[in-house]
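Undergrad: Structure file final_23.cif, mmCIF, C-alpha atoms, is pasted below:
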```cif
data_start
loop_
_atom_site.label_atom_id
_atom_site.label_comp_id
_atom_site.auth_asym_id
_atom_site.auth_seq_id
_atom_site.Cartn_x
_atom_site.Cartn_y
_atom_site.Cartn_z
CA MET A 1 80.82 48.82 98.65
CA ARG A 2 81.23 52.39 97.39
CA LYS A 3 84.44 52.86 99.40
CA TRP A 4 85.93 49.66 97.96
CA PHE A 5 85.07 50.85 94.46
CA TRP A 6 86.81 54.19 94.93
CA GLY A 7 89.83 52.49 96.47
CA PHE A 8 90.14 50.10 93.56
CA LEU A 9 89.74 52.93 91.06
CA PHE A 10 92.48 54.94 92.74
CA ILE A 11 94.93 52.01 92.84
CA ALA A 12 94.26 51.23 89.19
CA PHE A 13 94.72 54.87 88.24
CA GLY A 14 98.02 55.08 90.14
CA PHE A 15 99.26 51.92 88.46
CA VAL A 16 98.49 53.28 84.98
CA CYS A 17 100.22 56.58 85.75
CA SER A 18 103.34 54.93 87.20
CA ILE A 19 103.75 52.69 84.15
CA ALA A 20 103.25 55.61 81.75
CA ALA A 21 105.62 57.85 83.68
CA GLU A 22 108.51 55.49 83.08
CA ARG A 23 108.06 55.86 79.35
CA ASN A 24 107.87 59.66 79.21
CA PRO A 25 110.46 62.42 79.69
CA ARG A 26 110.35 64.13 83.05
CA THR A 27 110.04 67.65 81.66
CA GLU A 28 108.54 69.37 78.66
CA ARG A 29 109.16 72.85 77.36
CA ILE A 30 106.18 75.08 76.74
CA SER A 31 105.58 75.29 73.04
CA GLY A 32 104.89 78.43 71.02
CA SER A 33 104.94 82.05 72.09
CA ALA A 34 104.20 81.38 75.77
CA GLY A 35 107.50 79.55 76.23
CA ASP A 36 109.39 82.34 74.47
CA VAL A 37 107.75 85.00 76.64
CA LEU A 38 108.50 83.03 79.82
CA GLU A 39 112.19 83.01 78.93
CA ASP A 40 112.40 86.69 77.87
CA ASP A 41 115.22 88.79 79.32
CA PRO A 42 114.01 92.29 80.26
CA VAL A 43 117.52 93.74 80.62
CA GLY A 44 118.12 96.30 77.89
CA ARG A 45 114.41 96.67 77.16
CA LEU A 46 113.48 99.17 79.87
CA LYS A 47 114.93 101.51 82.48
CA VAL A 48 113.38 102.09 85.90
CA TYR A 49 113.93 105.04 88.20
CA VAL A 50 113.45 104.25 91.90
CA TYR A 51 112.32 107.22 93.98
CA GLU A 52 114.32 107.66 97.18
CA LEU A 53 111.66 108.12 99.83
CA PRO A 54 112.08 108.79 103.54
CA SER A 55 112.46 105.51 105.44
CA LYS A 56 109.09 105.96 107.15
CA TYR A 57 107.48 104.67 103.94
CA ASN A 58 109.44 101.42 103.86
CA LYS A 59 112.49 100.50 105.97
CA LYS A 60 111.18 101.82 109.30
CA ILE A 61 107.87 100.03 108.77
CA LEU A 62 109.76 96.77 108.24
CA GLN A 63 111.98 97.36 111.27
CA LYS A 64 108.83 97.69 113.34
CA ASP A 65 107.53 94.30 112.20
CA PRO A 66 110.01 91.90 110.49
CA ARG A 67 107.19 89.36 110.04
CA CYS A 68 106.39 91.22 106.83
CA LEU A 69 109.42 89.56 105.22
CA SER A 70 107.75 86.15 105.26
CA HIS A 71 104.16 87.22 104.69
CA MET A 72 102.36 86.34 101.45
CA PHE A 73 102.27 90.08 100.66
CA ALA A 74 106.06 90.44 100.92
CA ALA A 75 106.51 90.97 97.16
CA GLU A 76 106.34 94.74 97.76
CA ILE A 77 109.47 94.50 99.95
CA TYR A 78 111.48 92.14 97.77
CA MET A 79 110.64 94.02 94.57
CA HIS A 80 112.12 97.15 96.14
CA ARG A 81 115.30 95.31 97.14
CA PHE A 82 115.59 93.72 93.72
CA LEU A 83 115.25 96.99 91.82
CA LEU A 84 117.91 98.76 93.91
CA SER A 85 120.59 96.46 92.46
CA SER A 86 118.94 95.54 89.15
CA PRO A 87 120.67 96.36 85.86
CA VAL A 88 117.40 97.94 84.68
CA ARG A 89 117.69 100.64 87.35
CA THR A 90 118.77 104.07 86.18
CA LEU A 91 119.94 106.91 88.40
CA ASN A 92 118.98 109.41 85.71
CA PRO A 93 115.20 109.98 85.78
CA GLU A 94 115.34 111.75 82.42
CA GLU A 95 116.09 108.44 80.68
CA ALA A 96 113.61 106.33 82.68
CA ASP A 97 110.75 104.45 81.02
CA TRP A 98 109.10 103.72 84.36
CA PHE A 99 109.09 105.24 87.84
CA TYR A 100 108.75 103.12 90.98
CA THR A 101 107.61 104.36 94.39
CA PRO A 102 108.76 101.97 97.17
CA ILE A 103 105.94 101.88 99.72
CA TYR A 104 105.34 98.96 102.10
CA ALA A 105 101.61 99.55 102.27
CA THR A 106 100.64 96.06 103.52
CA CYS A 107 103.26 95.80 106.28
CA ASP A 108 100.82 96.62 109.08
CA LEU A 109 100.01 93.33 110.81
CA THR A 110 97.78 92.32 113.70
CA PRO A 111 99.25 90.19 116.53
CA THR A 112 98.03 87.10 114.65
CA GLY A 113 99.74 88.21 111.43
CA LEU A 114 96.76 89.49 109.45
CA PRO A 115 97.39 92.68 107.43
CA LEU A 116 95.43 95.82 108.16
CA PRO A 117 95.06 97.87 104.97
CA PHE A 118 93.18 100.78 106.50
CA LYS A 119 96.19 103.12 106.70
CA SER A 120 97.42 102.18 103.22
CA PRO A 121 95.43 104.79 101.25
CA ARG A 122 96.76 107.61 103.42
CA MET A 123 100.32 106.30 103.11
CA VAL A 124 100.06 106.08 99.31
CA ARG A 125 98.53 109.55 99.04
CA SER A 126 101.29 110.95 101.25
CA ALA A 127 104.01 109.36 99.12
CA ILE A 128 102.47 110.63 95.88
CA GLN A 129 102.13 114.13 97.32
CA LEU A 130 105.84 113.96 98.16
CA ILE A 131 107.06 112.77 94.75
CA SER A 132 104.75 115.15 92.88
CA SER A 133 106.10 118.12 94.81
CA SER A 134 109.77 117.03 94.74
CA TRP A 135 110.13 115.72 91.17
CA PRO A 136 108.41 116.79 87.91
CA TYR A 137 107.74 113.30 86.55
CA TRP A 138 104.45 112.45 88.24
CA ASN A 139 102.85 115.71 87.20
CA ARG A 140 103.61 115.33 83.50
CA THR A 141 101.54 112.10 83.26
CA GLU A 142 99.67 111.97 86.62
CA GLY A 143 101.25 108.58 87.19
CA ALA A 144 100.70 106.94 83.79
CA ASP A 145 104.38 106.01 83.57
CA HIS A 146 104.58 104.97 87.23
CA PHE A 147 103.98 101.53 88.74
CA PHE A 148 103.07 100.48 92.27
CA VAL A 149 103.24 97.05 93.89
CA VAL A 150 99.93 96.54 95.72
CA PRO A 151 99.81 92.88 96.82
CA HIS A 152 96.85 93.08 99.19
CA ASP A 153 93.72 90.87 98.92
CA PHE A 154 91.95 93.25 96.55
CA GLY A 155 94.93 95.31 95.40
CA ALA A 156 94.56 99.07 95.52
CA CYS A 157 90.96 98.83 96.73
CA PHE A 158 92.61 98.35 100.14
CA HIS A 159 90.08 96.20 101.96
CA TYR A 160 90.02 92.48 102.75
CA GLN A 161 86.23 92.10 102.38
CA GLU A 162 85.08 92.11 98.78
CA GLU A 163 81.89 94.13 99.33
CA LYS A 164 83.83 96.89 101.08
CA ALA A 165 86.63 96.70 98.48
CA ILE A 166 84.11 97.13 95.65
CA GLU A 167 82.49 100.01 97.50
CA ARG A 168 85.87 101.71 97.91
CA GLY A 169 87.19 101.02 94.42
CA ILE A 170 90.78 101.60 93.41
CA LEU A 171 92.34 104.59 95.14
CA PRO A 172 91.43 107.48 92.79
CA ILE A 173 94.96 108.90 92.53
CA LEU A 174 96.23 105.50 91.32
CA GLN A 175 93.77 105.26 88.45
CA ARG A 176 96.37 106.15 85.79
CA ALA A 177 99.26 104.17 87.27
CA THR A 178 100.14 100.56 86.41
CA LEU A 179 99.31 98.34 89.38
CA VAL A 180 101.35 95.23 90.05
CA GLN A 181 99.02 93.12 92.19
CA THR A 182 98.16 89.62 93.30
CA PHE A 183 94.43 90.22 92.90
CA GLY A 184 93.04 89.33 89.50
CA GLN A 185 89.41 88.84 88.52
CA ARG A 186 87.83 89.70 85.20
CA ASN A 187 85.30 92.54 85.09
CA HIS A 188 86.07 93.60 88.66
CA VAL A 189 86.39 97.18 89.87
CA CYS A 190 89.60 96.29 91.74
CA LEU A 191 91.44 95.26 88.56
CA ASN A 192 92.33 98.00 86.11
CA GLU A 193 92.99 97.17 82.49
CA GLY A 194 96.75 97.00 82.02
CA SER A 195 97.51 95.83 85.55
CA ILE A 196 100.15 93.12 85.97
CA THR A 197 98.93 90.13 87.98
CA ILE A 198 101.65 88.45 90.03
CA PRO A 199 101.92 85.42 92.34
CA PRO A 200 101.79 85.94 96.10
CA TYR A 201 105.06 85.57 97.97
CA ALA A 202 106.03 82.07 99.10
CA PRO A 203 109.37 81.48 100.87
CA PRO A 204 111.76 80.03 98.24
CA LEU A 205 114.42 78.71 100.63
CA LYS A 206 111.89 77.04 102.88
CA MET A 207 110.24 75.35 99.92
CA GLN A 208 113.58 74.26 98.48
CA ALA A 209 114.61 72.75 101.81
CA ARG A 210 111.47 70.58 101.84
CA GLN A 211 111.97 68.96 98.43
CA ILE A 212 111.65 65.17 98.40
CA PRO A 213 113.16 62.75 95.82
CA LEU A 214 111.68 63.23 92.34
CA ASP A 215 110.87 59.54 91.99
CA THR A 216 108.62 59.56 95.09
CA PRO A 217 105.23 58.10 94.01
CA ARG A 218 102.28 60.48 93.97
CA SER A 219 100.01 58.33 96.13
CA ILE A 220 97.51 61.07 97.09
CA PHE A 221 94.84 61.75 94.49
CA VAL A 222 93.42 65.09 95.74
CA TYR A 223 95.01 67.19 98.48
CA PHE A 224 93.89 70.29 100.38
CA ARG A 225 94.64 71.87 103.72
CA GLY A 226 92.89 75.04 104.83
CA LEU A 227 89.62 76.57 105.97
CA PHE A 228 86.28 75.38 104.65
CA TYR A 229 84.31 77.84 106.78
CA ASP A 230 85.40 81.17 108.26
CA VAL A 231 83.33 80.85 111.42
CA ASN A 232 84.46 84.21 112.80
CA ASN A 233 83.46 86.29 109.79
CA ASP A 234 80.94 84.04 108.02
CA PRO A 235 79.36 81.50 110.41
CA GLU A 236 76.79 80.29 107.85
CA GLY A 237 79.46 79.44 105.27
CA GLY A 238 77.65 80.88 102.26
CA TYR A 239 79.67 84.06 101.77
CA TYR A 240 83.22 82.91 102.45
CA ALA A 241 84.67 81.51 99.20
CA ARG A 242 81.17 81.99 97.77
CA GLY A 243 80.35 78.65 99.37
CA ALA A 244 82.85 76.72 97.22
CA ARG A 245 85.04 75.55 100.10
CA ALA A 246 82.03 74.52 102.13
CA ALA A 247 80.84 72.50 99.12
CA VAL A 248 84.21 70.72 98.93
CA TRP A 249 83.93 69.65 102.55
CA GLU A 250 80.27 68.65 102.51
CA ASN A 251 80.64 66.58 99.35
CA PHE A 252 84.03 64.96 99.82
CA LYS A 253 84.95 64.81 103.51
CA ASN A 254 84.33 61.05 103.50
CA ASN A 255 85.61 60.33 100.00
CA PRO A 256 88.84 58.27 100.18
CA LEU A 257 90.17 59.94 97.02
CA PHE A 258 90.19 63.30 98.82
CA ASP A 259 92.82 64.00 101.47
CA ILE A 260 91.27 67.21 102.82
CA SER A 261 91.38 68.76 106.28
CA THR A 262 91.57 72.02 108.21
CA GLU A 263 94.72 70.76 109.95
CA HIS A 264 98.02 72.08 108.60
CA PRO A 265 100.60 69.33 109.22
CA THR A 266 104.35 69.80 109.42
CA THR A 267 104.55 67.59 106.33
CA TYR A 268 102.38 69.96 104.28
CA TYR A 269 105.01 70.65 101.61
CA GLU A 270 106.00 66.99 101.41
CA ASP A 271 102.36 65.92 101.10
CA MET A 272 101.83 68.25 98.14
CA GLN A 273 104.72 66.52 96.40
CA ARG A 274 102.97 63.20 96.94
CA ALA A 275 99.69 64.43 95.45
CA ILE A 276 98.45 64.38 91.86
CA PHE A 277 95.91 67.21 92.25
CA CYS A 278 96.02 70.13 94.69
CA LEU A 279 92.86 72.14 95.22
CA CYS A 280 93.30 75.91 94.83
CA PRO A 281 89.88 77.32 95.71
CA LEU A 282 89.12 80.96 96.29
CA GLY A 283 88.87 82.25 99.85
CA TRP A 284 87.97 85.84 100.63
CA ALA A 285 89.91 86.69 97.45
CA PRO A 286 90.26 84.43 94.39
CA TRP A 287 94.00 83.85 94.85
CA SER A 288 96.14 82.17 97.52
CA PRO A 289 99.74 80.91 97.98
CA ARG A 290 98.50 77.37 97.21
CA LEU A 291 98.78 78.23 93.54
CA VAL A 292 102.50 78.91 93.92
CA GLU A 293 103.02 75.85 96.11
CA ALA A 294 101.21 73.57 93.67
CA VAL A 295 103.31 74.70 90.70
CA VAL A 296 106.61 74.54 92.59
CA PHE A 297 105.85 71.06 93.91
CA GLY A 298 104.53 69.69 90.61
CA CYS A 299 101.02 69.12 91.90
CA ILE A 300 98.40 69.88 89.25
CA PRO A 301 96.49 72.95 90.49
CA VAL A 302 92.72 72.56 90.49
CA ILE A 303 91.61 76.17 90.22
CA ILE A 304 88.17 76.88 91.68
CA ALA A 305 87.65 80.63 91.29
CA ASP A 306 85.34 81.88 88.57
CA ASP A 307 86.79 84.65 86.37
CA ILE A 308 90.19 84.58 88.07
CA VAL A 309 93.05 86.34 86.28
CA LEU A 310 96.15 84.25 86.95
CA PRO A 311 99.75 85.43 87.40
CA PHE A 312 101.74 86.12 84.23
CA ALA A 313 98.99 84.62 82.09
CA ASP A 314 100.76 85.67 78.88
CA ALA A 315 103.79 83.55 79.85
CA ILE A 316 102.38 80.63 81.85
CA PRO A 317 99.93 78.33 80.01
CA TRP A 318 97.53 77.80 82.90
CA GLU A 319 95.02 75.91 80.78
CA GLU A 320 97.71 73.35 79.96
CA ILE A 321 99.15 72.86 83.45
CA GLY A 322 96.01 73.19 85.56
CA VAL A 323 92.40 72.09 85.79
CA PHE A 324 89.65 74.71 85.97
CA VAL A 325 86.45 73.82 87.80
CA ALA A 326 83.52 76.24 87.97
CA GLU A 327 82.38 77.04 91.49
CA GLU A 328 78.92 75.60 90.76
CA ASP A 329 80.52 72.31 89.62
CA VAL A 330 82.35 71.61 92.90
CA PRO A 331 79.93 68.74 93.76
CA LYS A 332 81.14 67.02 90.57
CA LEU A 333 84.84 67.30 91.44
CA ASP A 334 85.34 63.56 91.82
CA THR A 335 83.79 62.83 88.43
CA ILE A 336 85.68 65.66 86.73
CA LEU A 337 89.10 64.63 88.04
CA THR A 338 88.73 60.87 87.59
CA SER A 339 87.62 61.48 84.01
CA ILE A 340 90.90 63.11 82.97
CA PRO A 341 92.91 60.64 80.82
CA PRO A 342 96.27 59.54 82.29
CA GLU A 343 98.18 60.87 79.27
CA VAL A 344 96.72 64.35 79.89
CA ILE A 345 97.76 64.18 83.55
CA LEU A 346 101.25 63.07 82.61
CA ARG A 347 101.69 65.95 80.17
CA LYS A 348 100.59 68.47 82.80
CA GLN A 349 103.13 66.94 85.17
CA ARG A 350 105.91 67.19 82.58
CA LEU A 351 105.13 70.86 81.98
CA LEU A 352 105.06 71.52 85.72
CA ALA A 353 108.45 69.82 86.04
CA ASN A 354 109.99 72.48 83.80
CA PRO A 355 112.29 74.57 86.05
CA SER A 356 111.38 77.79 84.20
CA MET A 357 107.73 77.30 85.22
CA LYS A 358 108.59 77.02 88.89
CA ARG A 359 111.10 79.88 88.82
CA ALA A 360 108.53 82.28 87.36
CA MET A 361 106.35 81.86 90.46
CA LEU A 362 109.04 82.71 93.01
CA PHE A 363 110.80 85.82 94.38
CA PRO A 364 114.22 84.36 95.26
CA GLN A 365 117.05 86.26 96.94
CA PRO A 366 119.30 86.75 95.10
CA ALA A 367 117.19 86.99 91.95
CA LEU A 368 117.50 84.41 89.17
CA PRO A 369 116.90 84.76 85.42
CA GLY A 370 113.25 84.20 84.59
CA ASP A 371 111.97 84.53 88.17
CA ALA A 372 108.93 86.55 89.23
CA PHE A 373 110.96 89.77 89.41
CA HIS A 374 111.96 89.36 85.77
CA GLN A 375 108.41 88.42 84.74
CA ILE A 376 107.20 91.71 86.24
CA LEU A 377 109.85 93.61 84.30
CA ASN A 378 108.89 91.70 81.15
CA GLY A 379 105.30 92.81 81.68
CA LEU A 380 106.38 96.43 82.04
CA ALA A 381 108.64 96.18 78.97
CA ARG A 382 105.77 94.85 76.88
CA LYS A 383 103.80 98.02 77.67
CA LEU A 384 106.46 100.17 76.02
CA PRO A 385 106.75 102.53 74.29
CA HIS A 386 104.29 104.72 76.13
CA GLN A 387 101.67 106.35 73.97
CA LYS A 388 102.08 110.08 73.55
CA SER A 389 98.54 110.54 74.89
CA ILE A 390 99.67 109.77 78.46
CA TYR A 391 101.48 113.12 78.63
CA LEU A 392 99.30 115.97 79.84
CA LYS A 393 99.06 119.37 78.29
CA PRO A 394 100.30 122.34 80.35
CA GLY A 395 97.79 123.01 83.12
CA GLU A 396 95.76 119.87 82.33
CA LYS A 397 94.48 117.82 85.28
CA ILE A 398 92.64 114.50 85.12
CA LEU A 399 92.81 112.99 88.61
CA ASN A 400 90.62 114.24 91.45
CA TRP A 401 92.81 114.47 94.54
CA THR A 402 89.84 114.96 96.87
CA ALA A 403 87.87 111.92 95.66
CA GLY A 404 87.35 108.91 97.89
CA PRO A 405 86.34 108.31 101.51
CA VAL A 406 86.92 111.21 103.88
CA GLY A 407 89.17 109.06 106.07
CA ASP A 408 91.61 108.61 103.18
CA LEU A 409 92.20 112.36 103.02
CA LYS A 410 93.61 112.65 106.53
CA PRO A 411 97.36 113.23 106.80
CA TRP A 412 99.55 110.19 107.26
#
```
I'd like the structure from this file rewritten - as structure tokens, please.

TA:
Amino acid sequence: MRKWFWGFLFIAFGFVCSIAAERNPRTERISGSAGDVLEDDPVGRLKVYVYELPSKYNKKILQKDPRCLSHMFAAEIYMHRFLLSSPVRTLNPEEADWFYTPIYATCDLTPTGLPLPFKSPRMVRSAIQLISSSWPYWNRTEGADHFFVVPHDFGACFHYQEEKAIERGILPILQRATLVQTFGQRNHVCLNEGSITIPPYAPPLKMQARQIPLDTPRSIFVYFRGLFYDVNNDPEGGYYARGARAAVWENFKNNPLFDISTEHPTTYYEDMQRAIFCLCPLGWAPWSPRLVEAVVFGCIPVIIADDIVLPFADAIPWEEIGVFVAEEDVPKLDTILTSIPPEVILRKQRLLANPSMKRAMLFPQPALPGDAFHQILNGLARKLPHQKSIYLKPGEKILNWTAGPVGDLKPW
């Protein structure tokens, strides 16, 4: 009886949405300052100097393992390529507002494609030692006018397990730099104030090739593909995703409104385009590529990650396009989602259909106006002009170069 009730409710809901959709425009511009910020053009507002480092810090690492080009941490590679030909680049460091050090610190993958961040601190230290001894610009601010792309699970804490990441903290010599990172969680030691939170890399061409007709009905109510338990690292299921994914499975594995599974079908991208809601729960870290995929494919992201700091939050109105569910409320997911009025759902879908929203989440090659590269530059431009207090007095030192785990101090 319960299954019939849910089936009827879903059919009725789909009918209401399809009728309403015919009477509403397909897209809607973001109103107010958020829409203006999203469409900002950073060109002419800042100049970036790109340090020329030996290839062992970037190109040779990539030659060793080209898989890094398609990994979710690939933003560090594509940001480097983008800046080399960007109109914001200056070859004169004396006129630069920002300095960028191109290091591919997460391009060290296991045979199964998982990144190993354990060498990253030594690589970063080595690069900073090089630029501080070869150019005068690091030393005058100890990195306060420098930015680094650190797209690992917990950013510059350089560990994939949260407890170990918290124990490590952000690499001490990066404490004054601006960190451009995928990790974002309020009141967390791995997120410095002033950091720029970005989306993880998702392959733009692959996603574009899998687009289906816009008028395809969204016949799936809730969609998710991924792990619910990490049996290798957390057999009990209480630590991984803080138990939120396990709660999704235990509560909704037999609910006909929920199309959820650990299997990753070849039609994954197409299925997201047929879904109304896409679950974006935390895993080991609060973020995942599902957030990008949901936005690009117009599936309303259901964000289950307490205190998450989302990408480009000053430009993308996440509260308007997504649904936030507290981790403790996961058992109520069905009630929460079926209680959202159809007109609210339709407005979220119209906002998600806005091309500028999708573009801001992607790192296309070549770059496009308003894409993730430009949103990063906008974030850097909004931090200008630098305060005079960032410049050190002659002989002044703030950073402790010998702080941190002993292993980090070994030569790279």

Undergrad: With the file shown as input, list the residues that the PyMOL selection byres ((chain A and resi 200) around 6) selects, as a list in words.

TA: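 On the file shown, the PyMOL selection byres ((chain A and resi 200) around 6) covers Met72, Thr182, Pro199, Tyr201 and Pro289 of chain A.
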
Undergrad: Quick one: pull the distance between CA of Ile131 (chain A) and CA of Met79 (chain A), Å, one decimal.

TA: 19.1 Å

Undergrad: I'd like the neighbourhood of Pro204 (chain A) as a ChimeraX atom specification, where a residue qualifies if any of its atoms comes within 8 Å (using all atoms listed in the file), though same-chain residues fewer than 2 positions away should be ignored.

TA: /A:202,206-208,362-364

Undergrad: So what do you get for CA of His152 (chain A) versus CA of Met123 (chain A), distance-wise?

TA: 14.2 Å

Undergrad: The PyMOL selection byres ((chain A and resi 127) around 8) - which residues does that actually catch in the file I just gave you? List them as a list of chain:residue names.

TA: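 In the shown coordinates, the PyMOL selection byres ((chain A and resi 127) around 8) covers A:Leu53, A:Tyr57, A:Thr101, A:Ile103, A:Met123, A:Val124, A:Arg125, A:Ser126, A:Ile128, A:Gln129, A:Leu130, A:Ile131.
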
Undergrad: Enter the distance from CA of Gln387 (chain A) to CA of Ile316 (chain A), in Å, rounded to one decimal.

TA: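 Distance between the two atoms: 26.9 Å.
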
Undergrad: Fix up region 220-228 of chain A with all heavy atoms, then write it as a CSV table (one decimal), in the frame of the given file.

TA:
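After the write, out35.csv holds the following:
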```
chain,number,residue,atom,x,y,z
A,220,ILE,N,98.7,60.3,96.7
A,220,ILE,CA,97.5,61.1,97.1
A,220,ILE,C,96.8,61.6,95.8
A,220,ILE,O,97.5,62.2,95.0
A,220,ILE,CB,97.9,62.2,98.0
A,220,ILE,CG1,98.6,61.7,99.3
A,220,ILE,CG2,96.6,63.0,98.4
A,220,ILE,CD1,99.2,62.9,100.1
A,221,PHE,N,95.5,61.3,95.7
A,221,PHE,CA,94.8,61.8,94.5
A,221,PHE,C,94.5,63.2,94.5
A,221,PHE,O,94.9,64.0,93.7
A,221,PHE,CB,93.6,60.9,94.3
A,221,PHE,CG,92.9,61.1,92.9
A,221,PHE,CD1,93.6,60.8,91.8
A,221,PHE,CD2,91.7,61.6,92.8
A,221,PHE,CE1,93.1,61.0,90.5
A,221,PHE,CE2,91.1,61.8,91.6
A,221,PHE,CZ,91.8,61.5,90.4
A,222,VAL,N,93.8,63.7,95.6
A,222,VAL,CA,93.4,65.1,95.7
A,222,VAL,C,93.8,65.5,97.1
A,222,VAL,O,93.5,64.9,98.1
A,222,VAL,CB,91.9,65.3,95.6
A,222,VAL,CG1,91.6,66.8,95.7
A,222,VAL,CG2,91.4,64.8,94.2
A,223,TYR,N,94.5,66.7,97.2
A,223,TYR,CA,95.0,67.2,98.5
A,223,TYR,C,94.6,68.6,98.7
A,223,TYR,O,94.5,69.5,97.8
A,223,TYR,CB,96.5,67.1,98.5
A,223,TYR,CG,97.2,67.4,99.8
A,223,TYR,CD1,97.2,66.5,100.8
A,223,TYR,CD2,97.8,68.7,100.0
A,223,TYR,CE1,97.7,66.8,102.1
A,223,TYR,CE2,98.4,69.0,101.3
A,223,TYR,CZ,98.4,68.0,102.3
A,223,TYR,OH,99.0,68.3,103.5
A,224,PHE,N,94.2,68.9,100.0
A,224,PHE,CA,93.9,70.3,100.4
A,224,PHE,C,94.0,70.4,101.9
A,224,PHE,O,93.5,69.6,102.6
A,224,PHE,CB,92.5,70.7,99.9
A,224,PHE,CG,92.1,72.1,100.4
A,224,PHE,CD1,92.5,73.2,99.8
A,224,PHE,CD2,91.3,72.3,101.5
A,224,PHE,CE1,92.2,74.5,100.2
A,224,PHE,CE2,90.9,73.5,102.0
A,224,PHE,CZ,91.4,74.6,101.3
A,225,ARG,N,94.6,71.5,102.3
A,225,ARG,CA,94.6,71.9,103.7
A,225,ARG,C,94.3,73.3,103.8
A,225,ARG,O,94.9,74.2,103.1
A,225,ARG,CB,96.0,71.6,104.3
A,225,ARG,CG,96.4,70.2,104.5
A,225,ARG,CD,95.5,69.5,105.5
A,225,ARG,NE,95.9,68.1,105.7
A,225,ARG,CZ,95.5,67.1,105.0
A,225,ARG,NH1,94.7,67.2,104.0
A,225,ARG,NH2,95.9,65.8,105.3
A,226,GLY,N,93.3,73.7,104.7
A,226,GLY,CA,92.9,75.0,104.8
A,226,GLY,C,91.5,75.1,105.4
A,226,GLY,O,90.8,74.1,105.7
A,227,LEU,N,91.0,76.4,105.5
A,227,LEU,CA,89.6,76.6,106.0
A,227,LEU,C,88.6,76.2,104.9
A,227,LEU,O,88.7,76.3,103.7
A,227,LEU,CB,89.4,78.1,106.3
A,227,LEU,CG,90.2,78.6,107.5
A,227,LEU,CD1,89.9,80.1,107.6
A,227,LEU,CD2,89.8,77.9,108.8
A,228,PHE,N,87.5,75.6,105.5
A,228,PHE,CA,86.3,75.4,104.6
A,228,PHE,C,85.2,76.4,105.0
A,228,PHE,O,84.4,76.7,104.2
A,228,PHE,CB,85.8,74.0,104.9
A,228,PHE,CG,86.8,72.9,104.4
A,228,PHE,CD1,87.6,72.3,105.3
A,228,PHE,CD2,86.9,72.6,103.1
A,228,PHE,CE1,88.5,71.3,104.9
A,228,PHE,CE2,87.8,71.6,102.7
A,228,PHE,CZ,88.6,71.0,103.6
```
